[in-house]
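Engineer: Sharing run_8.pdb below, PDB, C-alpha atoms:
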ATOM      1  CA  MET A   1       0.000   0.000   0.000
ATOM      2  CA  ASP A   2       2.972   2.336   0.319
ATOM      3  CA  GLU A   3       2.570   3.482  -3.290
ATOM      4  CA  GLU A   4      -1.150   4.230  -2.965
ATOM      5  CA  LYS A   5      -2.522   7.760  -2.873
ATOM      6  CA  THR A   6      -2.706   9.157   0.644
ATOM      7  CA  ILE A   7      -5.948  11.025   1.350
ATOM      8  CA  LEU A   8      -5.296  11.794   5.043
ATOM      9  CA  ASN A   9      -2.042  12.503   6.849
ATOM     10  CA  VAL A  10      -2.002  12.932  10.618
ATOM     11  CA  LEU A  11       1.413  14.300  11.519
ATOM     12  CA  ASP A  12       2.771  14.272  15.091
ATOM     13  CA  VAL A  13      -0.570  15.275  16.591
ATOM     14  CA  HIS A  14      -0.711  16.143  20.308
ATOM     15  CA  TYR A  15      -3.905  16.838  22.219
ATOM     16  CA  LEU A  16      -3.811  18.071  25.793
ATOM     17  CA  THR A  17      -6.620  18.643  28.278
ATOM     18  CA  GLN A  18      -6.158  20.490  31.557
ATOM     19  CA  GLU A  19      -5.538  17.158  33.269
ATOM     20  CA  ASN A  20      -3.827  14.863  30.767
ATOM     21  CA  LEU A  21      -1.874  14.563  27.541
ATOM     22  CA  ILE A  22      -4.337  12.366  25.597
ATOM     23  CA  LEU A  23      -2.671  12.134  22.172
ATOM     24  CA  LYS A  24       1.097  11.814  22.321
ATOM     25  CA  GLY A  25       2.491  12.395  18.859
ATOM     26  CA  ILE A  26       0.079  10.481  16.623
ATOM     27  CA  SER A  27       1.158  10.005  13.003
ATOM     28  CA  ILE A  28      -0.856   7.950  10.512
ATOM     29  CA  ASP A  29      -1.325   7.835   6.737
ATOM     30  CA  ILE A  30      -4.707   6.810   5.315
ATOM     31  CA  TRP A  31      -4.676   5.508   1.755
ATOM     32  CA  SER A  32      -7.519   6.412  -0.562
ATOM     33  CA  GLY A  33     -10.110   3.769  -1.464
ATOM     34  CA  TYR A  34      -9.481   1.348   1.405
ATOM     35  CA  ILE A  35     -11.141   0.402   4.667
ATOM     36  CA  HIS A  36      -8.727   1.157   7.485
ATOM     37  CA  ALA A  37      -9.130   0.386  11.184
ATOM     38  CA  ILE A  38      -7.785   2.154  14.242
ATOM     39  CA  VAL A  39      -8.046  -0.476  16.955
ATOM     40  CA  GLY A  40      -7.278  -0.340  20.651
ATOM     41  CA  PRO A  41      -8.766  -0.855  24.101
ATOM     42  CA  ASN A  42     -11.277   1.508  25.667
ATOM     43  CA  GLY A  43      -9.535   4.681  26.812
ATOM     44  CA  ALA A  44      -6.741   4.426  24.241
ATOM     45  CA  GLY A  45      -7.646   7.810  22.719
ATOM     46  CA  LYS A  46      -9.310   6.552  19.521
ATOM     47  CA  SER A  47     -12.456   8.678  19.699
ATOM     48  CA  THR A  48     -10.392  11.690  20.756
ATOM     49  CA  LEU A  49      -8.230  11.203  17.675
ATOM     50  CA  VAL A  50     -11.171  11.188  15.249
ATOM     51  CA  SER A  51     -12.683  14.202  17.028
ATOM     52  CA  CYS A  52      -9.417  16.057  16.440
ATOM     53  CA  ILE A  53      -9.290  14.946  12.801
ATOM     54  CA  MET A  54     -12.874  16.166  12.301
ATOM     55  CA  GLY A  55     -12.129  19.408  14.132
ATOM     56  CA  LEU A  56     -14.965  19.173  16.627
ATOM     57  CA  PRO A  57     -15.299  22.067  19.113
ATOM     58  CA  GLY A  58     -13.030  21.525  22.104
ATOM     59  CA  TYR A  59     -10.667  19.233  20.189
ATOM     60  CA  GLU A  60      -8.195  21.754  18.788
ATOM     61  CA  ILE A  61      -4.749  20.171  18.745
ATOM     62  CA  GLN A  62      -1.776  21.826  20.456
ATOM     63  CA  LYS A  63       0.877  20.438  18.128
ATOM     64  CA  GLY A  64       1.057  18.697  14.770
ATOM     65  CA  LYS A  65      -0.759  18.912  11.439
ATOM     66  CA  ILE A  66      -3.737  17.303   9.723
ATOM     67  CA  ILE A  67      -3.515  17.137   5.931
ATOM     68  CA  PHE A  68      -6.629  16.125   4.001
ATOM     69  CA  ASP A  69      -6.487  15.478   0.259
ATOM     70  CA  GLY A  70      -3.254  17.468   0.025
ATOM     71  CA  GLU A  71      -4.514  20.485   1.998
ATOM     72  CA  ASP A  72      -3.552  21.546   5.515
ATOM     73  CA  ILE A  73      -6.878  21.611   7.420
ATOM     74  CA  THR A  74      -5.365  21.853  10.915
ATOM     75  CA  ASP A  75      -6.951  25.227  11.647
ATOM     76  CA  LEU A  76     -10.181  24.808   9.693
ATOM     77  CA  PRO A  77     -13.524  24.585  11.538
ATOM     78  CA  VAL A  78     -15.584  21.413  11.332
ATOM     79  CA  TYR A  79     -17.980  22.728   8.663
ATOM     80  CA  ASP A  80     -15.116  23.566   6.296
ATOM     81  CA  ARG A  81     -13.679  20.086   6.751
ATOM     82  CA  ALA A  82     -17.098  18.623   5.957
ATOM     83  CA  ARG A  83     -17.361  20.738   2.801
ATOM     84  CA  ARG A  84     -14.073  19.261   1.631
ATOM     85  CA  GLY A  85     -15.432  15.718   1.934
ATOM     86  CA  LEU A  86     -14.488  14.628   5.453
ATOM     87  CA  THR A  87     -17.296  13.322   7.652
ATOM     88  CA  LEU A  88     -17.873  11.505  10.940
ATOM     89  CA  ALA A  89     -20.462   8.833  11.752
ATOM     90  CA  TRP A  90     -21.118   8.947  15.488
ATOM     91  CA  GLN A  91     -20.882   5.985  17.835
ATOM     92  CA  GLU A  92     -24.418   6.845  18.974
ATOM     93  CA  PRO A  93     -26.458   8.262  16.042
ATOM     94  CA  ALA A  94     -28.525  11.318  16.864
ATOM     95  CA  ARG A  95     -32.285  11.337  17.388
ATOM     96  CA  PHE A  96     -34.378  14.277  16.278
ATOM     97  CA  GLU A  97     -37.923  14.162  17.580
ATOM     98  CA  GLY A  98     -40.295  15.379  14.877
ATOM     99  CA  LEU A  99     -37.733  15.453  12.056
ATOM    100  CA  LYS A 100     -38.648  13.145   9.196
ATOM    101  CA  ILE A 101     -36.081  10.703   7.863
ATOM    102  CA  LYS A 102     -36.319  12.143   4.338
ATOM    103  CA  ASP A 103     -35.332  15.559   5.707
ATOM    104  CA  PHE A 104     -32.563  14.140   7.908
ATOM    105  CA  VAL A 105     -30.807  12.256   5.092
ATOM    106  CA  LEU A 106     -30.816  15.362   2.877
ATOM    107  CA  ILE A 107     -29.488  17.862   5.453
ATOM    108  CA  GLY A 108     -25.937  17.748   4.102
ATOM    109  CA  ALA A 109     -26.703  16.350   0.653
ATOM    110  CA  LYS A 110     -25.336  17.997  -2.460
ATOM    111  CA  ASN A 111     -28.513  16.996  -4.292
ATOM    112  CA  LYS A 112     -31.519  17.708  -2.067
ATOM    113  CA  CYS A 113     -34.240  16.275  -4.308
ATOM    114  CA  HIS A 114     -36.802  13.747  -3.059
ATOM    115  CA  ARG A 115     -35.414  11.124  -5.408
ATOM    116  CA  LYS A 116     -31.988  11.364  -3.748
ATOM    117  CA  ALA A 117     -33.518  10.503  -0.363
ATOM    118  CA  GLU A 118     -35.204   7.464  -1.888
ATOM    119  CA  GLU A 119     -31.980   6.414  -3.585
ATOM    120  CA  VAL A 120     -29.773   6.473  -0.484
ATOM    121  CA  LEU A 121     -32.358   4.760   1.720
ATOM    122  CA  ASP A 122     -32.723   2.008  -0.843
ATOM    123  CA  LEU A 123     -28.935   1.734  -0.976
ATOM    124  CA  VAL A 124     -28.712   1.037   2.766
ATOM    125  CA  GLY A 125     -31.501  -1.532   2.591
ATOM    126  CA  LEU A 126     -34.398   0.515   3.972
ATOM    127  CA  ASP A 127     -37.629   0.622   1.963
ATOM    128  CA  PRO A 128     -38.217   4.309   1.117
ATOM    129  CA  LYS A 129     -41.993   3.814   1.179
ATOM    130  CA  LYS A 130     -41.783   2.720   4.813
ATOM    131  CA  TYR A 131     -39.085   5.092   6.033
ATOM    132  CA  LEU A 132     -39.208   8.434   4.201
ATOM    133  CA  ASN A 133     -41.922   9.918   6.381
ATOM    134  CA  ARG A 134     -40.986   8.256   9.669
ATOM    135  CA  ALA A 135     -39.418  10.363  12.389
ATOM    136  CA  VAL A 136     -35.807  10.018  13.521
ATOM    137  CA  ASP A 137     -36.806   9.069  17.054
ATOM    138  CA  LYS A 138     -36.810   6.334  19.686
ATOM    139  CA  THR A 139     -39.127   4.099  17.656
ATOM    140  CA  LEU A 140     -36.163   3.216  15.424
ATOM    141  CA  SER A 141     -33.840   0.389  16.387
ATOM    142  CA  GLY A 142     -30.103   0.906  16.787
ATOM    143  CA  GLY A 143     -29.452  -0.818  13.475
ATOM    144  CA  GLU A 144     -32.019   1.308  11.671
ATOM    145  CA  ARG A 145     -30.521   4.518  13.039
ATOM    146  CA  LYS A 146     -27.025   3.429  12.025
ATOM    147  CA  ARG A 147     -28.186   2.766   8.469
ATOM    148  CA  ILE A 148     -30.125   6.034   8.296
ATOM    149  CA  GLU A 149     -27.025   7.921   9.414
ATOM    150  CA  LEU A 150     -24.956   6.144   6.755
ATOM    151  CA  ALA A 151     -27.624   7.025   4.177
ATOM    152  CA  SER A 152     -27.272  10.690   5.129
ATOM    153  CA  ILE A 153     -23.486  10.422   4.824
ATOM    154  CA  ILE A 154     -23.671   8.775   1.396
ATOM    155  CA  ALA A 155     -25.948  11.632   0.280
ATOM    156  CA  MET A 156     -23.137  14.054   1.200
ATOM    157  CA  GLU A 157     -20.875  12.298  -1.336
ATOM    158  CA  PRO A 158     -17.850  12.423   1.003
ATOM    159  CA  LYS A 159     -14.294  11.418   0.216
ATOM    160  CA  LEU A 160     -13.607   9.892   3.642
ATOM    161  CA  ILE A 161     -15.859   8.566   6.427
ATOM    162  CA  LEU A 162     -14.663   8.278  10.025
ATOM    163  CA  LEU A 163     -16.899   5.586  11.544
ATOM    164  CA  ASP A 164     -16.760   5.426  15.337
ATOM    165  CA  GLU A 165     -17.622   2.015  16.872
ATOM    166  CA  PRO A 166     -19.975   0.772  14.112
ATOM    167  CA  ASP A 167     -21.074  -2.211  16.229
ATOM    168  CA  SER A 168     -22.240  -0.102  19.165
ATOM    169  CA  GLY A 169     -25.855  -0.731  20.185
ATOM    170  CA  ILE A 170     -26.805  -3.131  17.398
ATOM    171  CA  ASP A 171     -27.318  -6.886  17.087
ATOM    172  CA  ILE A 172     -25.323  -9.342  14.972
ATOM    173  CA  GLU A 173     -27.806  -9.330  12.082
ATOM    174  CA  ALA A 174     -27.804  -5.538  11.881
ATOM    175  CA  LEU A 175     -24.002  -5.475  12.100
ATOM    176  CA  GLN A 176     -23.707  -7.813   9.127
ATOM    177  CA  LYS A 177     -25.891  -5.429   7.121
ATOM    178  CA  ILE A 178     -23.571  -2.570   8.115
ATOM    179  CA  PHE A 179     -20.564  -4.622   6.973
ATOM    180  CA  ASP A 180     -22.231  -5.289   3.605
ATOM    181  CA  LEU A 181     -22.934  -1.583   3.282
ATOM    182  CA  LEU A 182     -19.310  -0.678   4.020
ATOM    183  CA  GLU A 183     -18.161  -2.852   1.130
ATOM    184  CA  LEU A 184     -20.685  -1.110  -1.107
ATOM    185  CA  ILE A 185     -19.443   2.310   0.014
ATOM    186  CA  LYS A 186     -15.858   1.234  -0.639
ATOM    187  CA  LYS A 187     -16.785   0.218  -4.209
ATOM    188  CA  GLN A 188     -17.981   3.785  -4.751
ATOM    189  CA  GLY A 189     -14.427   4.970  -4.088
ATOM    190  CA  ILE A 190     -15.080   6.340  -0.594
ATOM    191  CA  THR A 191     -12.340   5.782   1.994
ATOM    192  CA  ILE A 192     -13.435   4.463   5.397
ATOM    193  CA  VAL A 193     -11.703   4.577   8.782
ATOM    194  CA  LEU A 194     -13.215   2.275  11.413
ATOM    195  CA  ILE A 195     -12.644   3.171  15.068
ATOM    196  CA  THR A 196     -13.050   0.017  17.144
ATOM    197  CA  HIS A 197     -12.059  -2.208  20.031
ATOM    198  CA  SER A 198     -13.775  -5.211  18.432
ATOM    199  CA  PRO A 199     -11.771  -7.959  16.683
ATOM    200  CA  VAL A 200     -14.873  -8.711  14.585
ATOM    201  CA  VAL A 201     -15.001  -5.156  13.221
ATOM    202  CA  LEU A 202     -11.222  -5.075  12.793
ATOM    203  CA  GLU A 203     -11.369  -8.059  10.451
ATOM    204  CA  ARG A 204     -13.529  -6.096   7.984
ATOM    205  CA  ALA A 205     -10.687  -3.657   7.261
ATOM    206  CA  ASP A 206      -7.880  -3.851   4.711
ATOM    207  CA  HIS A 207      -5.222  -2.322   6.960
ATOM    208  CA  ALA A 208      -4.963  -1.444  10.644
ATOM    209  CA  PHE A 209      -3.300   0.786  13.208
ATOM    210  CA  LEU A 210      -2.920  -0.401  16.807
ATOM    211  CA  MET A 211      -3.403   2.356  19.373
ATOM    212  CA  CYS A 212      -2.838   2.418  23.127
ATOM    213  CA  CYS A 213      -2.317   5.176  25.707
ATOM    214  CA  GLY A 214      -2.486   7.928  23.105
ATOM    215  CA  ARG A 215       0.142   6.436  20.813
ATOM    216  CA  ILE A 216       0.238   4.316  17.662
ATOM    217  CA  LEU A 217       2.050   1.150  18.682
ATOM    218  CA  ASP A 218       2.015  -0.644  15.335
ATOM    219  CA  LYS A 219       0.466  -0.737  11.868
ATOM    220  CA  GLY A 220       0.153  -3.394   9.221
ATOM    221  CA  SER A 221      -1.932  -6.270   7.946
ATOM    222  CA  ILE A 222      -5.194  -7.228   9.602
ATOM    223  CA  GLU A 223      -3.863 -10.697  10.405
ATOM    224  CA  ARG A 224      -0.808  -9.389  12.241
ATOM    225  CA  ILE A 225      -2.572  -6.599  14.130
ATOM    226  CA  SER A 226      -5.553  -8.832  14.965
ATOM    227  CA  ASN A 227      -3.346 -11.604  16.347
ATOM    228  CA  TYR A 228      -1.481  -9.151  18.569
ATOM    229  CA  PHE A 229      -4.665  -7.398  19.700
ATOM    230  CA  ARG A 230      -6.392 -10.673  20.610
ATOM    231  CA  SER A 231      -3.408 -12.163  22.431
ATOM    232  CA  LYS A 232      -1.915  -9.060  24.092
ATOM    233  CA  CYS A 233      -4.432  -6.203  24.288
ATOM    234  CA  ILE A 234      -7.667  -7.974  25.195
ATOM    235  CA  PRO A 235      -6.134  -9.846  28.191
ATOM    236  CA  CYS A 236      -4.279  -6.725  29.344
ATOM    237  CA  ASP A 237      -5.652  -5.335  32.604
ATOM    238  CA  HIS A 238      -3.513  -2.235  33.068
ATOM    239  CA  ASN A 239      -5.306   1.031  33.759
ATOM    240  CA  ILE A 240      -5.355   3.287  30.705
ATOM    241  CA  PRO A 241      -5.474   6.984  31.618
ATOM    242  CA  GLY A 242      -7.727   9.412  29.774
TER     243      GLY A 242
END
What's the structure tokens form of this structure?
Structural biologist:
Amino acid sequence: MDEEKTILNVLDVHYLTQENLILKGISIDIWSGYIHAIVGPNGAGKSTLVSCIMGLPGYEIQKGKIIFDGEDITDLPVYDRARRGLTLAWQEPARFEGLKIKDFVLIGAKNKCHRKAEEVLDLVGLDPKKYLNRAVDKTLSGGERKRIELASIIAMEPKLILLDEPDSGIDIEALQKIFDLLELIKKQGITIVLITHSPVVLERADHAFLMCCGRILDKGSIERISNYFRSKCIPCDHNIPG
């Protein structure tokens, strides 16, 4: 993969709160068109890293650079990063009482026509006739909300999706549907970064980074990283700060 186009460079990134240094010189290269995974135990700093990459409020880095598609976006606000094709799928998808699904999936869409909402819902395996006019609320299952969020992201036509804990709050059947959808998104040329502590999710990636205590410990093939993570990280009982 070393000769592949790099769409995201994270260069020596440090993130400090008032109490702790959370990210301690993170450097990663994300190659375009692949599914990557950043794997590590809870508390390793994974979600903090993607929040910094996305530029969420309160996650401004103190040192380092973030280069997206050849452009330095380190100081850009989150909405400018989104306009350039970088987006984040939350670990816990949002609920909006009263907002219809058809309106939700088109919020950030480049093409806001009714047909586009139907198209992306159909793509994620949700019947538009049943879902377009439903509300984004507690009546939806975790799997349904995950797929609706992915439909909204596909409508944005992003270049790269940061997907935080895709297996959170859903059952095995729903997770398999998410995995199938990720392969479909990849075929469209969209790069995906999975943030996970699950060996099952890790195995769906093409390449992985192993993270612990705010540092990247290793990177490489899924087989190598998965074997280490299963044998060393999962049994590890040391207290991870932050």
Engineer: Please list as a tab-separated table (two decimals) with C-alpha atoms, keeping the file's coordinate frame every residue within 6 Å of A:Ile195, counting only C-alpha atoms and excluding residues in the same chain fewer than 6 positions away.
Structural biologist:
chain	number	residue	atom	x	y	z
A	37	ALA	CA	-9.13	0.39	11.18
A	38	ILE	CA	-7.78	2.15	14.24
A	164	ASP	CA	-16.76	5.43	15.34
A	165	GLU	CA	-17.62	2.02	16.87
Engineer: Identify which of the residues A:Ala109, A:Ile185, A:Ile154, A:Ile225 lies closest to A:Glu203, counting all atoms listed in the file when measuring atom-to-atom distances.
Structural biologist: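 Looking only at the distances to A:Glu203, the closest residue turns out to be A:Ile225.
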Engineer: Residues picked by the PyMOL selection byres ((chain A and resi 105) around 8) here, as a PyMOL selection string?
Structural biologist: chain A and resi 101-104+106-109+117+148-149+151-153+155
Engineer: Once you have the residues from the selection above, write them out as an mmCIF file, in the coordinates of the input, restricted to C-alpha atoms.
Structural biologist:
data_model
loop_
_atom_site.group_PDB
_atom_site.id
_atom_site.type_symbol
_atom_site.label_atom_id
_atom_site.label_comp_id
_atom_site.auth_asym_id
_atom_site.auth_seq_id
_atom_site.Cartn_x
_atom_site.Cartn_y
_atom_site.Cartn_z
ATOM 1 C CA ILE A 101 -36.081 10.703 7.863
ATOM 2 C CA LYS A 102 -36.319 12.143 4.338
ATOM 3 C CA ASP A 103 -35.332 15.559 5.707
ATOM 4 C CA PHE A 104 -32.563 14.140 7.908
ATOM 5 C CA LEU A 106 -30.816 15.362 2.877
ATOM 6 C CA ILE A 107 -29.488 17.862 5.453
ATOM 7 C CA GLY A 108 -25.937 17.748 4.102
ATOM 8 C CA ALA A 109 -26.703 16.350 0.653
ATOM 9 C CA ALA A 117 -33.518 10.503 -0.363
ATOM 10 C CA ILE A 148 -30.125 6.034 8.296
ATOM 11 C CA GLU A 149 -27.025 7.921 9.414
ATOM 12 C CA ALA A 151 -27.624 7.025 4.177
ATOM 13 C CA SER A 152 -27.272 10.690 5.129
ATOM 14 C CA ILE A 153 -23.486 10.422 4.824
ATOM 15 C CA ALA A 155 -25.948 11.632 0.280
#
Engineer: For the atom pair atom CA of A:Val78 and atom CA of A:Met54, what is the interatomic distance in Å to one decimal place?
Structural biologist: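 Those two atoms sit 6.0 Å apart.
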Engineer: Quick check, in Å to one decimal: how far apart do atom CA of A:Thr48 and atom CA of A:His207 lie?
Structural biologist: 20.3 Å
Engineer: Which residues, named as in the file, does the PyMOL selection byres ((chain A and resi 181) around 9) pick out? Answer as number ranges by chain.
Structural biologist: A: 123-125, 147, 150, 176-180, 182-186
Engineer: Stretch 25-34 of chain A: which residues within 7 Å, counting only C-alpha atoms, same-chain residues fewer than 3 positions away excluded, as a short mmCIF file (atom, residue, chain, number, x, y, z; two decimals) with C-alpha atoms, in the frame of the given file?
Structural biologist:
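Now in around.cif:
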data_model
loop_
_atom_site.label_atom_id
_atom_site.label_comp_id
_atom_site.auth_asym_id
_atom_site.auth_seq_id
_atom_site.Cartn_x
_atom_site.Cartn_y
_atom_site.Cartn_z
CA GLU A 4 -1.15 4.23 -2.96
CA LYS A 5 -2.52 7.76 -2.87
CA THR A 6 -2.71 9.16 0.64
CA ILE A 7 -5.95 11.02 1.35
CA LEU A 8 -5.30 11.79 5.04
CA ASN A 9 -2.04 12.50 6.85
CA VAL A 10 -2.00 12.93 10.62
CA LEU A 11 1.41 14.30 11.52
CA ASP A 12 2.77 14.27 15.09
CA VAL A 13 -0.57 15.28 16.59
CA HIS A 14 -0.71 16.14 20.31
CA LYS A 186 -15.86 1.23 -0.64
CA GLY A 189 -14.43 4.97 -4.09
CA ILE A 190 -15.08 6.34 -0.59
CA THR A 191 -12.34 5.78 1.99
CA ILE A 192 -13.44 4.46 5.40
CA ASP A 206 -7.88 -3.85 4.71
CA ARG A 215 0.14 6.44 20.81
CA ILE A 216 0.24 4.32 17.66
#
Engineer: With the PyMOL selection byres ((chain A and resi 15-19) around 10) as the selection, what would be picked from this file? Answer as a VMD selection string, please.
Structural biologist: chain A and resid 13 to 14 20 to 26 45 48 to 49 52 58 to 64 214 242
Engineer: Please check which residues have atoms at most 12 Å from (-4.6, 22.6, 1.3) in the file's coordinates, counting all atoms listed in the file, and write them as a list of chain:residue names.
Structural biologist: A:Ile7, A:Leu8, A:Asn9, A:Lys65, A:Ile66, A:Ile67, A:Phe68, A:Asp69, A:Gly70, A:Glu71, A:Asp72, A:Ile73, A:Thr74, A:Asp75, A:Leu76, A:Asp80, A:Arg81, A:Arg84
Engineer: When distances are computed from all atoms listed in the file, which of A:Gly142, A:Pro77, A:Gly40, A:Gly169 shows the smallest separation from A:Ser226?
Structural biologist: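 Closest to A:Ser226, using all atoms listed in the file: A:Gly40.
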Engineer: With only C-alpha atoms as the atoms that count, which of A:Asp137, A:Asp171, A:Glu157, A:Glu223 lies nearest to A:Asn111?
Structural biologist: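 When distances to A:Asn111 are compared using only C-alpha atoms, the smallest one comes from A:Glu157.
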Engineer: What is the atom CA of A:Asn133-atom CA of A:Pro166 distance in Å, reported with one decimal?
Structural biologist: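 Atom CA of A:Pro166 lies 25.0 Å from atom CA of A:Asn133.
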Engineer: Looking at A:Gly143, A:Ile234, A:Arg83, A:Val201, which one is nearest to A:Glu173, with distances taken over only C-alpha atoms?
Structural biologist: A:Gly143
Engineer: Please, what is the axis-aligned box for every listed atom of stretch 121-135 of chain A with 6 Å on each side, as centre and edge lengths in Å to one decimal, as JSON?
Structural biologist:
{"center_x": -35.4, "center_y": 4.4, "center_z": 5.7, "size_x": 25.3, "size_y": 23.9, "size_z": 25.4}
Engineer: Nearest residue to A:Cys233 out of A:Pro158, A:Gly85, A:Pro199, A:Pro57, using only C-alpha atoms?
Structural biologist: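 Checking each candidate against A:Cys233, we get A:Pro199 as the closest.
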Engineer: Could you check which of A:Asn227, A:Ser221, A:Gln188, A:Thr196 is closest to A:Ala44, using only C-alpha atoms?
Structural biologist: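 Checking each candidate against A:Ala44, we get A:Thr196 as the closest.
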Engineer: A:Pro41: which residues within 10 Å, counting only C-alpha atoms, same-chain residues fewer than 4 positions away excluded, as a list in words?
Structural biologist: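 My list of contacting residues is Gly45, Lys46, Thr196, His197, Ser198, Leu210, Met211, Cys212, Cys213, Phe229, Cys233, Ile234, Cys236 and Ile240 of chain A.
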